[in-house]
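For reference, the structure is listed below as C-alpha cells.
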Protein chains: 4
Amino acid sequence: MTSKLRAAVVGSTGYGGVELLRLLLRHPYVEITSVISSSNAGTPITEGFPHLQHLLVDELDPVDIPLIQQKCDIVFTATPSGVSTKLVPQLVEAGLTVIDLSGDLRIKDAATYEQWYKHEAAPAAILEQAVYGLAEIYGEQVRDRKLISNPGCYPTAALLGLIPALKADWIDPHSIIIDAKSGVSGAGRKLGLNVHYAEINENFKPYKVNQHQHIPEIEQVLSDQMGQTITTTFTTHLVPMTRGILCTMYAQLQEKRSVSDFIDYYQSFYEGKPFVRIRPEGNWPATKEVWGSNYCDIGFAVDERTNRVTILSVIDNVVKGAAGQAVQNLNLMMGWDESLGLDFTPVYP
Amino acid sequence: MTSKLRAAVVGSTGYGGVELLRLLLRHPYVEITSVISSSNAGTPITEGFPHLQHLLVDELDPVDIPLIQQKCDIVFTATPSGVSTKLVPQLVEAGLTVIDLSGDLRIKDAATYEQWYKHEAAPAAILEQAVYGLAEIYGEQVRDRKLISNPGCYPTAALLGLIPALKADWIDPHSIIIDAKSGVSGAGRKLGLNVHYAEINENFKPYKVNQHQHIPEIEQVLSDQMGQTITTTFTTHLVPMTRGILCTMYAQLQEKRSVSDFIDYYQSFYEGKPFVRIRPEGNWPATKEVWGSNYCDIGFAVDERTNRVTILSVIDNVVKGAAGQAVQNLNLMMGWDESLGLDFTPVYP
Amino acid sequence: MTSKLRAAVVGSTGYGGVELLRLLLRHPYVEITSVISSSNAGTPITEGFPHLQHLLVDELDPVDIPLIQQKCDIVFTATPSGVSTKLVPQLVEAGLTVIDLSGDLRIKDAATYEQWYKHEAAPAAILEQAVYGLAEIYGEQVRDRKLISNPGCYPTAALLGLIPALKADWIDPHSIIIDAKSGVSGAGRKLGLNVHYAEINENFKPYKVNQHQHIPEIEQVLSDQMGQTITTTFTTHLVPMTRGILCTMYAQLQEKRSVSDFIDYYQSFYEGKPFVRIRPEGNWPATKEVWGSNYCDIGFAVDERTNRVTILSVIDNVVKGAAGQAVQNLNLMMGWDESLGLDFTPVYP
Amino acid sequence: MTSKLRAAVVGSTGYGGVELLRLLLRHPYVEITSVISSSNAGTPITEGFPHLQHLLVDELDPVDIPLIQQKCDIVFTATPSGVSTKLVPQLVEAGLTVIDLSGDLRIKDAATYEQWYKHEAAPAAILEQAVYGLAEIYGEQVRDRKLISNPGCYPTAALLGLIPALKADWIDPHSIIIDAKSGVSGAGRKLGLNVHYAEINENFKPYKVNQHQHIPEIEQVLSDQMGQTITTTFTTHLVPMTRGILCTMYAQLQEKRSVSDFIDYYQSFYEGKPFVRIRPEGNWPATKEVWGSNYCDIGFAVDERTNRVTILSVIDNVVKGAAGQAVQNLNLMMGWDESLGLDFTPVYP
C-alpha cells in the first residue's frame, strides 16, 4: 500500500476503545489519527490510561464530525448504548466508513430493540445498511461494505458454538439452553457496585436472568440462519476475573451423535477460519487459553444417557468479543488477510 | 449437660478437616479431644495451619483405633476418597459414632460406586447402616443414628434446589440440567496443576463434563425422592475463587407457574429449616452472600417464552457443603438445636 | 446481666458498619436496636446486603438524635470522614456513649487534622474527651469512658508492631520505614475507579505515597509513647484482595539483637492480650492467617549484615482494623471480658 | 536477511519457556525449530499448554546436544536451578549460542553461589564467559557475545530503579531497603502449597525474608557499578496475582533533591532505552500498566521530613523479568533493533 488507513476510535476511555488502540497500534496497514472522547476531550489519553505512555501522546479529540472527516478514513465507535443510534448516522452521512461496537445497530427490528434496550432505536435506513459482522458466518457480506455492526461478546461465543450443529440439524432448535459466564470487563469501565472489587472478588453471581439484551441478538441470528423463529434460554453470570467468556450450551440431539462426529463436522465447518479452534475429544476449553487473543475455542461432550450434547465455547470478550473482531471485520471489509494485526498468541499464564 | 461430647477429626490437614476445627472450637457442647492425621502425626497442627496458633496447641494424633476409643465419643472422618471404606468399619466396630465427610458411604449400590469412584466400595453392611445426611430432607432419619454419610458439596446445593419442585410435580423429571460452578477449595489441599494459582487465577474452566462422581449421588437421591429413576445432565466448572458453589438448574415446567408460585411453595416447604433462605422475586443469590455460613440460598426465574424454570442455589462448599452440614447432622443426631455452633453471619465483603 | 445493651450502628451501609452488624449479632450482651443510614433510611437493610436476610429484618432508621436516644444506649459511628465531626458532639450531648470508627476524632491537634483531612476538625472539647482506643496499649484508659475514637486500620497494624521495640529502645526512632499493603475493603464501599474490579484485579499499586492521612495518626501515637517527636516514612499499596493488611517495617537496631530476643520480649510485652500472637522464629504471618478474626500476628527477621530488624504485622483490616477493635473497646469500656463476641477462628482457606 | 535464526527453547514446560514461545512466534527474524523438555519429550506441546493449539504442533524434543546442534543456532535455557550449571557448558562446547534464563550463571563468585543456591556452581570458565544481560546497563557488553546470563526478575526491577540514583551519588549506598512484591508466576509451574490457589488467593504474605537468592545478584551488580561493596535489605512478598513485580525502594538522600530532579535525571539516564518509562510527578506505576509488555516503569516520591526518596519500579516478571529481556538480549547480541518482536502494548485491563 502507498499509505496507511487513517482510523479514529470514539469511546476511547472504555475498555473496548482502549483495546482497539492496543490492536491498531500494531496493525501494519492502519494508523490511529484520532482518539476521541466526548467526556475527556482535551486531556491526554495517558491521564486515564498510564499504560499507554510513550505509545500515544496526543490529546483526546472531541466528537466533531468535520474534524473526523478531515483526519480519518474509518471510525470505530465503541460508545455506550444509545450514543451510536445518533452518532453513526452522522458519520455515515459524512461519508465515513464505520465499525460500530455498541449494540445499537445489531437488532434489525426497532420494536424489539426498544423493548430490550429501553431507548429509541436507530433510523431504519441505518439498521438496514449495517451488516452484522460475525466474521466466521457473515464474512462474505462484510466485504466492501461501509457500515458494520460488530457482534456482542456473549452472542459471538454462543453463536459460533451453536450454528454448525443447528445448521446440520443435529440438535433440536427448541431445546437450546445457554449458560453463559463472563469476566467483569464485559460490564465496562462505568462505576457501579456491580463492578466494585470487594463485591465481585471471591464471588460468583447470576445477573439479568432471562433479561439480558443479548438474548434477542442471539435469537435473531439463529432464526436467520435456520429460517424459523428460534427461542433460547440464556443465563448470564459474573465471574471474578477480568477477561473471558465461557458458554456452556445444552441441546437435545435429534439422533445419536458422538463427540468425534461433532469434532469432525465442526473442523470442516470452520476450515479456513483461522480464529476458530476445535478441541480434541476429552479436552474442553478454558477462558485463559484464549486470553488476549482473537481465538474462539470450542469443545464437546455427549451424554448418551440423556441424549444431550454439551457445547463449550470460550473467547476473550474484549478481543474476539469486541475489539479483535472489529479489526477482523476491518480486514475482511478491506479485502486484507483476515489475521492482520491479530496474530497474538494467548498470554499464558 | 454435665460434660461435653469428645470429638475427633480425622483428615485434619485437609480443608474439610480444618473447617471442622473452626466450627467445633465454638460449639458449646463439643470438645475437640483429638486431631488426627495419618500423614503428619506427631507434628503440631500449627505447622501446617499457622492460623490456628493459640487455639489448638496439641500435636496431631495418628490413626490409632484404641487411642481414638479412649479419647473420643464421636469421630468426623474428612478423609480422601478410598480411606473411609476401610477406616469407618473399624471405627463403627469400636463402638464409635461416625460422621463421614468423604464420599465413600454415599452411594448405596457398590457397583455404581466402583464405576464412578474407580476403587472398591465399602462393605454392604456399612453402606446400609449409613444415613445420608442431607439435613433438611433426611433430618428425621439422622436422629439417634451412629453413622452418618455427609452429602457432597454439589449434591447439597443441587438437591435443596430441585427436590421441592420435583416433589410437587411442577417440573419434568427428565428435563433437568444442572450447570454447577465451584470455588477451588472443593478440590482439596492436594497439589496439582488443577489448583496451581497461575493456572486458575483469571481463568474459568469446565472439568469432568458428564463424568463427575457427584452425578450418581444426585440421581440416587432424586430417584429415591420420586420413586422412579431420574437422570440429569450435570456439568462442573472451576471458578477463580476459594469458596462457594452456585448451581444454575434448568427444567421444563409441567404447567405454567410464576416465580411467586415457586417462592411461596419453597418457603412453606422449608419452613422451620433455619439454613435455607428463599430469595424474593428478581433477587438471585450470589455465592458471597453465604460465605463462611451454613446457609443455602435459593432464587428463581421463569421464562414464559420457553416454559422453563431456572433455579439458582448457592452454598459455601466448605460449610454447608461439608463441615457445617456435618455439625448440623451432629446436632440432629444428638437431638440438639440444629443451629448450635452454626450461627455464623456470612462474612461480607 | 438482666438486660442487653442496646446498640445503634450509624453508617451501616459501609463495610465497617456491616461488619459491626456481623459481630454484634453474636455478642452475648448486646442487642442491635437501630441500624442507621442517612442515605438509605426507610429501605430494608437486606436491599443493599442480601446476605443479612433472615438476620436483620427491620428498615434502616434515619439519623434522628431523639429516636437514637430513645432506642439505644450506645452508638457506633462508622461514618465517612467529616460526618462524625458534626454528629458525635450531638450524640455525646444527648448522653449517649459513642465509639467512633471514622478518623475524625483521632488527631488531637486540629491544625494537623485539617492539613491531612482537608476539612474542619471536631470541636476541641470533643477531641479532648475522645480516648484513642488502641486496645492493647490504651486499654486501661478506655474503661468507663463514654467516647472512644477507634484507631485506623494501618495504624493498628503498624503501632502494635513498633511500640514494644521502640519502648525498649531497641530501634532507632528516626530510622522507621513502614511499607504497608492493604486489601481493597479498606477503601470502603464508595464507588471509584480505584475500586473497579477490572482496574484492581491482577494489579498491585502504590497510592498516596507519603500522603496518607494515617501518617499523623501513627506519628502522634509513637510520639506520645516515646515522649519525643517521631517521624516515619510510610507507603501504602493496594493488594488485589478484599481483606487484610500487612505492614513490613524496617528499623536500624540500636545494638545487636536476635530474632529470639524480639520474640521473647514481644511475648512478655503482650502477655494477657488475647488478640496479639507472636510468631516463632522463621515463621512470618500472612494476612489470610488472621482473616475474619480480631488477631494481630507479628513476626520478625534480623539482618545482621545491615543491622536492621524487619517487623511484620498482619490484621484483618475490617475486624481488628475497624469493627472488631470497636467491639473490643466496648468490652473494655464495660469491664467485660475483652474477647466477648470476638472468639472467631480465622476462616481458612 | 536471507534466512531466520533457528532457535531452541529448553525448559519449555515452565512459564519462562512458554513465554519465550509466545514472543519468538512473533519475532520477524527468528524461527523456533526445537522445543525441548527433559521431562515431557515425545509428547505434543499442546498437551500441557492447550492455548498453543494451531500455533506449534510438533512434539517436544529431548535434551540431545547433537540434535540441538543440527536443528538450531541459538538455545534459550529456561531450566530449573541446577540444570544449567551442567547443560550450558555442553551447549557452549558444541558451539551453540546460549541465553540462559536460569539463575545459575549470574553469580560470579562460586562460593557465594553455593551459599545461596545450595548446590554446586557452574565451572569458572563458563561463569567468566557469561555476560550479565541487564540490557539497559550492560547492553554494550552483550553485543556479539555467545553466552548471556539473563537477569533475575526482582534484580531487573530493583537495579533499573536504583542504579541511576546510586551512580549520581544522590543516595546513601548503605541505606538501601528494597521492599519487593511479586505475582505467583515467579515461583514457576512447579507444584507446592506455596502456589496452591486456595492458599494464595485473598492472601498477601512475606517469604524468604533476608534469604532470597536474588540478594547476592542485586548486591553484585550494585557493587560492580559503584566499585565498592554494597549491602541491601531485601524483602520478598507474594501477591495474589499471576504476573507483575513492584519494588518499593527506600534510600537516604545525600542532599536535598526533588521529585522533578529525579525525573529529569532518570529520563536523561535512560534516553534511547525504549523499555524504561519514567513517570511524571505524582504518578506512580502499577504492575498492570506494564502487564504483558517489556516495559519497566519507574516513579518517585521524596519525603522532605525524613530526607528519604522512595523509588517505585514495576515490570512484568515473565516478560522484562525473564523471556522479554532474553529476546531483548538476543536483539542486542545480533545487532538488531532492540525492540524487535517486543512491541507489545501492555494488555489493559
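Residues in the C-alpha cells are numbered from 1 in each chain, the chains being A, B, ... in the order shown, and ligands are numbered from 1 in the order shown.
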
Quiz item: Counting only C-alpha atoms, what is within 9 Å of stretch 26-28 of chain C, bar same-chain residues fewer than 3 positions away, as a list in words?
Solution: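 Contacts, in chain order: Asp343, Phe344 and Thr345 of chain B; Lys4, Leu21, Arg22, Leu23, Glu31, Val327, Leu340, Gly341 and Leu342 of chain C.
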
Helix (DSSP H, G or I) residues, from DSSP on the backbone, in stretch 232-339 of chain C, as an mmCIF file with C-alpha atoms, in the first residue's frame:
```
data_model
loop_
_atom_site.group_PDB
_atom_site.id
_atom_site.type_symbol
_atom_site.label_atom_id
_atom_site.label_comp_id
_atom_site.auth_asym_id
_atom_site.auth_seq_id
_atom_site.Cartn_x
_atom_site.Cartn_y
_atom_site.Cartn_z
ATOM 1 C CA VAL C 259 15.030 -12.737 66.366
ATOM 2 C CA SER C 260 14.567 -14.769 69.520
ATOM 3 C CA ASP C 261 15.264 -11.662 71.623
ATOM 4 C CA PHE C 262 12.402 -9.980 69.816
ATOM 5 C CA ILE C 263 10.095 -12.960 70.185
ATOM 6 C CA ASP C 264 10.701 -13.297 73.918
ATOM 7 C CA TYR C 265 10.292 -9.628 74.578
ATOM 8 C CA TYR C 266 7.146 -9.190 72.490
ATOM 9 C CA GLN C 267 5.584 -12.262 74.084
ATOM 10 C CA SER C 268 6.087 -10.794 77.507
ATOM 11 C CA PHE C 269 5.003 -7.321 76.371
ATOM 12 C CA THR C 287 -2.886 -11.865 56.019
ATOM 13 C CA LYS C 288 -5.053 -14.923 55.438
ATOM 14 C CA GLU C 289 -3.969 -16.344 58.767
ATOM 15 C CA VAL C 290 -5.988 -13.700 60.625
ATOM 16 C CA VAL C 319 -12.055 -6.662 62.101
ATOM 17 C CA LYS C 320 -9.026 -5.702 64.202
ATOM 18 C CA GLY C 321 -8.608 -2.634 61.991
ATOM 19 C CA ALA C 322 -12.201 -1.450 62.485
ATOM 20 C CA ALA C 323 -15.299 -3.276 63.765
ATOM 21 C CA GLY C 324 -13.556 -5.930 65.846
ATOM 22 C CA GLN C 325 -11.434 -3.453 67.729
ATOM 23 C CA ALA C 326 -14.566 -1.337 68.260
ATOM 24 C CA VAL C 327 -16.262 -4.298 69.946
ATOM 25 C CA GLN C 328 -13.061 -4.956 71.907
ATOM 26 C CA ASN C 329 -13.211 -1.333 73.074
ATOM 27 C CA LEU C 330 -16.858 -1.807 74.013
ATOM 28 C CA ASN C 331 -15.879 -4.807 76.124
ATOM 29 C CA LEU C 332 -13.066 -2.890 77.822
ATOM 30 C CA MET C 333 -15.273 0.129 78.365
ATOM 31 C CA MET C 334 -17.939 -2.002 80.026
#
```

Self-check item: Separation of atom CA of B:Leu96 from atom CA of B:Pro44, in Å and rounded to one decimal
Solution: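 Going from atom CA of B:Leu96 over to atom CA of B:Pro44, I get 25.0 Å.
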
Exercise. May I have the residues within 9 Å of stretch 16-18 of chain D as a PyMOL selection string, using only C-alpha atoms and disregarding those fewer than 4 positions away in the same chain?
Key: (chain A and resi 348-349) or (chain D and resi 9-12+22-23+35+49+76-79+101+188+318-319+322-323)

Against chain A, which residues of chain C fall within 6 Å? For each one I want the closest pair of atoms and the distance in Å (one decimal), counting only C-alpha atoms, rows by chain and increasing residue number, as a Markdown table.
```
| residue | atom | partner | partner_atom | distance |
| --- | --- | --- | --- | --- |
| C:Ser185 | CA | A:Ala198 | CA | 5.9 |
| C:Val195 | CA | A:Tyr197 | CA | 5.5 |
| C:His196 | CA | A:His196 | CA | 5.0 |
| C:Tyr197 | CA | A:Tyr197 | CA | 4.1 |
| C:Ala198 | CA | A:Thr242 | CA | 5.3 |
| C:Thr242 | CA | A:Ala198 | CA | 5.3 |
```

Practice problem: Mind checking which residues fall within 9 Å of D:Leu55, counting only C-alpha atoms, ignoring those fewer than 3 positions away in the same chain, and posting them as number ranges by chain? | Solution: A: 345; D: 25, 51-52

Practice problem: Rounded to one decimal place, report the atom CA of A:Asp316-atom CA of B:Ser182 distance in Å. | Solution: 21.1 Å

Quiz item: Which residues, written as number ranges by chain, have at least one atom at most 8 Å from B:Ser34, with only C-alpha atoms counted and residues fewer than 5 positions away on the same chain left out?
Solution: B: 7-9, 60-61, 68, 71-72

How about saving the chosen residues, C-alpha atoms kept, as an mmCIF file, in the first residue's frame?
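Saved file selection26.cif follows:
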```
data_model
loop_
_atom_site.group_PDB
_atom_site.id
_atom_site.type_symbol
_atom_site.label_atom_id
_atom_site.label_comp_id
_atom_site.auth_asym_id
_atom_site.auth_seq_id
_atom_site.Cartn_x
_atom_site.Cartn_y
_atom_site.Cartn_z
ATOM 1 C CA ALA B 7 -14.812 -35.277 69.250
ATOM 2 C CA ALA B 8 -12.011 -36.404 66.952
ATOM 3 C CA VAL B 9 -11.334 -35.057 63.491
ATOM 4 C CA LEU B 60 -1.556 -34.423 65.657
ATOM 5 C CA ASP B 61 -2.540 -37.931 66.698
ATOM 6 C CA ILE B 68 -9.497 -42.831 69.485
ATOM 7 C CA LYS B 71 -10.125 -40.188 73.881
ATOM 8 C CA CYS B 72 -13.333 -39.663 71.913
#
```

Self-check item: Within 8 Å of A:Asp303 using only C-alpha atoms, minus same-chain residues under 4 positions, as a list in words
Solution: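 Answer for this query is Asn307, Arg308, Val309 and Thr310 of chain A; Asn210 and Thr233 of chain B.
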
Selection file, N, CA, C and O atoms, as an mmCIF file, in the first residue's frame:
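The resulting file, again.cif, is shown below:
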```
data_model
loop_
_atom_site.group_PDB
_atom_site.id
_atom_site.type_symbol
_atom_site.label_atom_id
_atom_site.label_comp_id
_atom_site.auth_asym_id
_atom_site.auth_seq_id
_atom_site.Cartn_x
_atom_site.Cartn_y
_atom_site.Cartn_z
ATOM 1 N N ASN A 307 -29.137 -38.224 26.047
ATOM 2 C CA ASN A 307 -29.138 -37.851 24.623
ATOM 3 C C ASN A 307 -28.993 -36.349 24.407
ATOM 4 O O ASN A 307 -29.632 -35.752 23.549
ATOM 5 N N ARG A 308 -28.137 -35.767 25.234
ATOM 6 C CA ARG A 308 -27.870 -34.326 25.088
ATOM 7 C C ARG A 308 -26.402 -34.109 24.719
ATOM 8 O O ARG A 308 -25.521 -34.843 25.142
ATOM 9 N N VAL A 309 -26.186 -33.040 23.938
ATOM 10 C CA VAL A 309 -24.817 -32.599 23.695
ATOM 11 C C VAL A 309 -24.561 -31.354 24.544
ATOM 12 O O VAL A 309 -25.468 -30.547 24.786
ATOM 13 N N THR A 310 -23.328 -31.246 25.046
ATOM 14 C CA THR A 310 -22.892 -30.040 25.731
ATOM 15 C C THR A 310 -21.793 -29.417 24.872
ATOM 16 O O THR A 310 -20.794 -30.077 24.582
ATOM 17 N N ASN B 210 -19.874 -34.368 32.373
ATOM 18 C CA ASN B 210 -20.634 -35.640 32.370
ATOM 19 C C ASN B 210 -19.926 -36.767 33.120
ATOM 20 O O ASN B 210 -20.346 -37.931 33.024
ATOM 21 N N THR B 233 -28.425 -34.080 33.467
ATOM 22 C CA THR B 233 -27.178 -33.620 32.850
ATOM 23 C C THR B 233 -26.522 -32.679 33.840
ATOM 24 O O THR B 233 -27.171 -31.750 34.336
#
```

Quiz item: Hey, what's within 7 Å of D:Phe275 if we count only C-alpha atoms and toss same-chain stuff fewer than 6 positions away? As number ranges by chain, please?
Solution: D: 294-296

Would you put the residues from that selection into a file with C-alpha atoms, as a PDB file, in the first residue's frame?
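The result, written out as selection-v3.pdb:
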```
ATOM      1  CA  ASN D 294       8.674  -5.497  28.182  1.00  0.00           C
ATOM      2  CA  TYR D 295       8.449  -2.116  29.929  1.00  0.00           C
ATOM      3  CA  CYS D 296       9.947  -1.118  33.239  1.00  0.00           C
TER       4      CYS D 296
END
```

Quiz prompt | Members of stretch 62-281 of chain A assigned strand (DSSP E or B) by DSSP, as JSON, numbers by chain | solution = {"A": [74, 75, 76, 77, 97, 98, 99, 100, 131, 132, 147, 148, 149, 171, 177, 178, 179, 180, 181, 182, 196, 205, 206, 207, 233, 234, 235, 236, 237, 238, 245, 246, 247, 248, 249, 250, 251, 252, 253, 276, 277, 278]}

Filtering to C-alpha atoms, could you give me those residues as a short mmCIF file (atom, residue, chain, number, x, y, z; two decimals), in the first residue's frame?
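Contents of result-v4.cif, as written:
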```cif
data_model
loop_
_atom_site.label_atom_id
_atom_site.label_comp_id
_atom_site.auth_asym_id
_atom_site.auth_seq_id
_atom_site.Cartn_x
_atom_site.Cartn_y
_atom_site.Cartn_z
CA ILE A 74 -12.65 4.93 9.17
CA VAL A 75 -14.26 5.31 12.58
CA PHE A 76 -14.61 2.67 15.27
CA THR A 77 -17.45 3.62 17.58
CA THR A 97 -16.72 4.06 6.98
CA VAL A 98 -17.94 2.89 10.39
CA ILE A 99 -17.46 -0.20 12.51
CA ASP A 100 -19.84 0.10 15.44
CA VAL A 131 -24.00 -5.70 8.27
CA TYR A 132 -23.82 -7.91 11.34
CA LEU A 147 -21.11 0.09 7.93
CA ILE A 148 -20.54 -2.91 10.14
CA SER A 149 -22.33 -3.71 13.37
CA ILE A 171 -29.89 -30.60 17.62
CA ILE A 177 -30.06 -23.63 26.87
CA ILE A 178 -27.08 -21.27 27.09
CA ASP A 179 -25.42 -20.95 30.47
CA ALA A 180 -23.03 -18.05 29.99
CA LYS A 181 -20.27 -16.74 32.25
CA SER A 182 -18.28 -13.55 31.79
CA HIS A 196 -16.76 -2.87 42.93
CA LYS A 205 -23.24 -14.37 40.76
CA PRO A 206 -26.04 -14.61 38.24
CA TYR A 207 -27.48 -11.39 36.84
CA THR A 233 -32.98 -19.90 27.48
CA PHE A 234 -29.98 -17.72 28.28
CA THR A 235 -28.47 -17.06 31.72
CA THR A 236 -25.60 -14.71 32.45
CA HIS A 237 -23.19 -14.92 35.37
CA LEU A 238 -20.35 -12.72 36.55
CA ILE A 245 -16.42 -15.69 28.41
CA LEU A 246 -17.41 -19.32 28.55
CA CYS A 247 -20.76 -20.50 27.23
CA THR A 248 -21.90 -23.95 28.31
CA MET A 249 -24.64 -24.86 25.87
CA TYR A 250 -27.07 -27.74 26.12
CA ALA A 251 -29.27 -29.21 23.41
CA GLN A 252 -31.21 -32.37 22.74
CA LEU A 253 -29.71 -34.46 19.96
CA VAL A 276 -11.84 -20.94 15.49
CA ARG A 277 -10.04 -23.86 17.09
CA ILE A 278 -11.86 -27.14 17.71
#
```

Quiz item: Rounded to one decimal in Å, what is the spacing between atom CA of A:Thr43 and atom CA of A:Glu59?
Solution: 5.3 Å
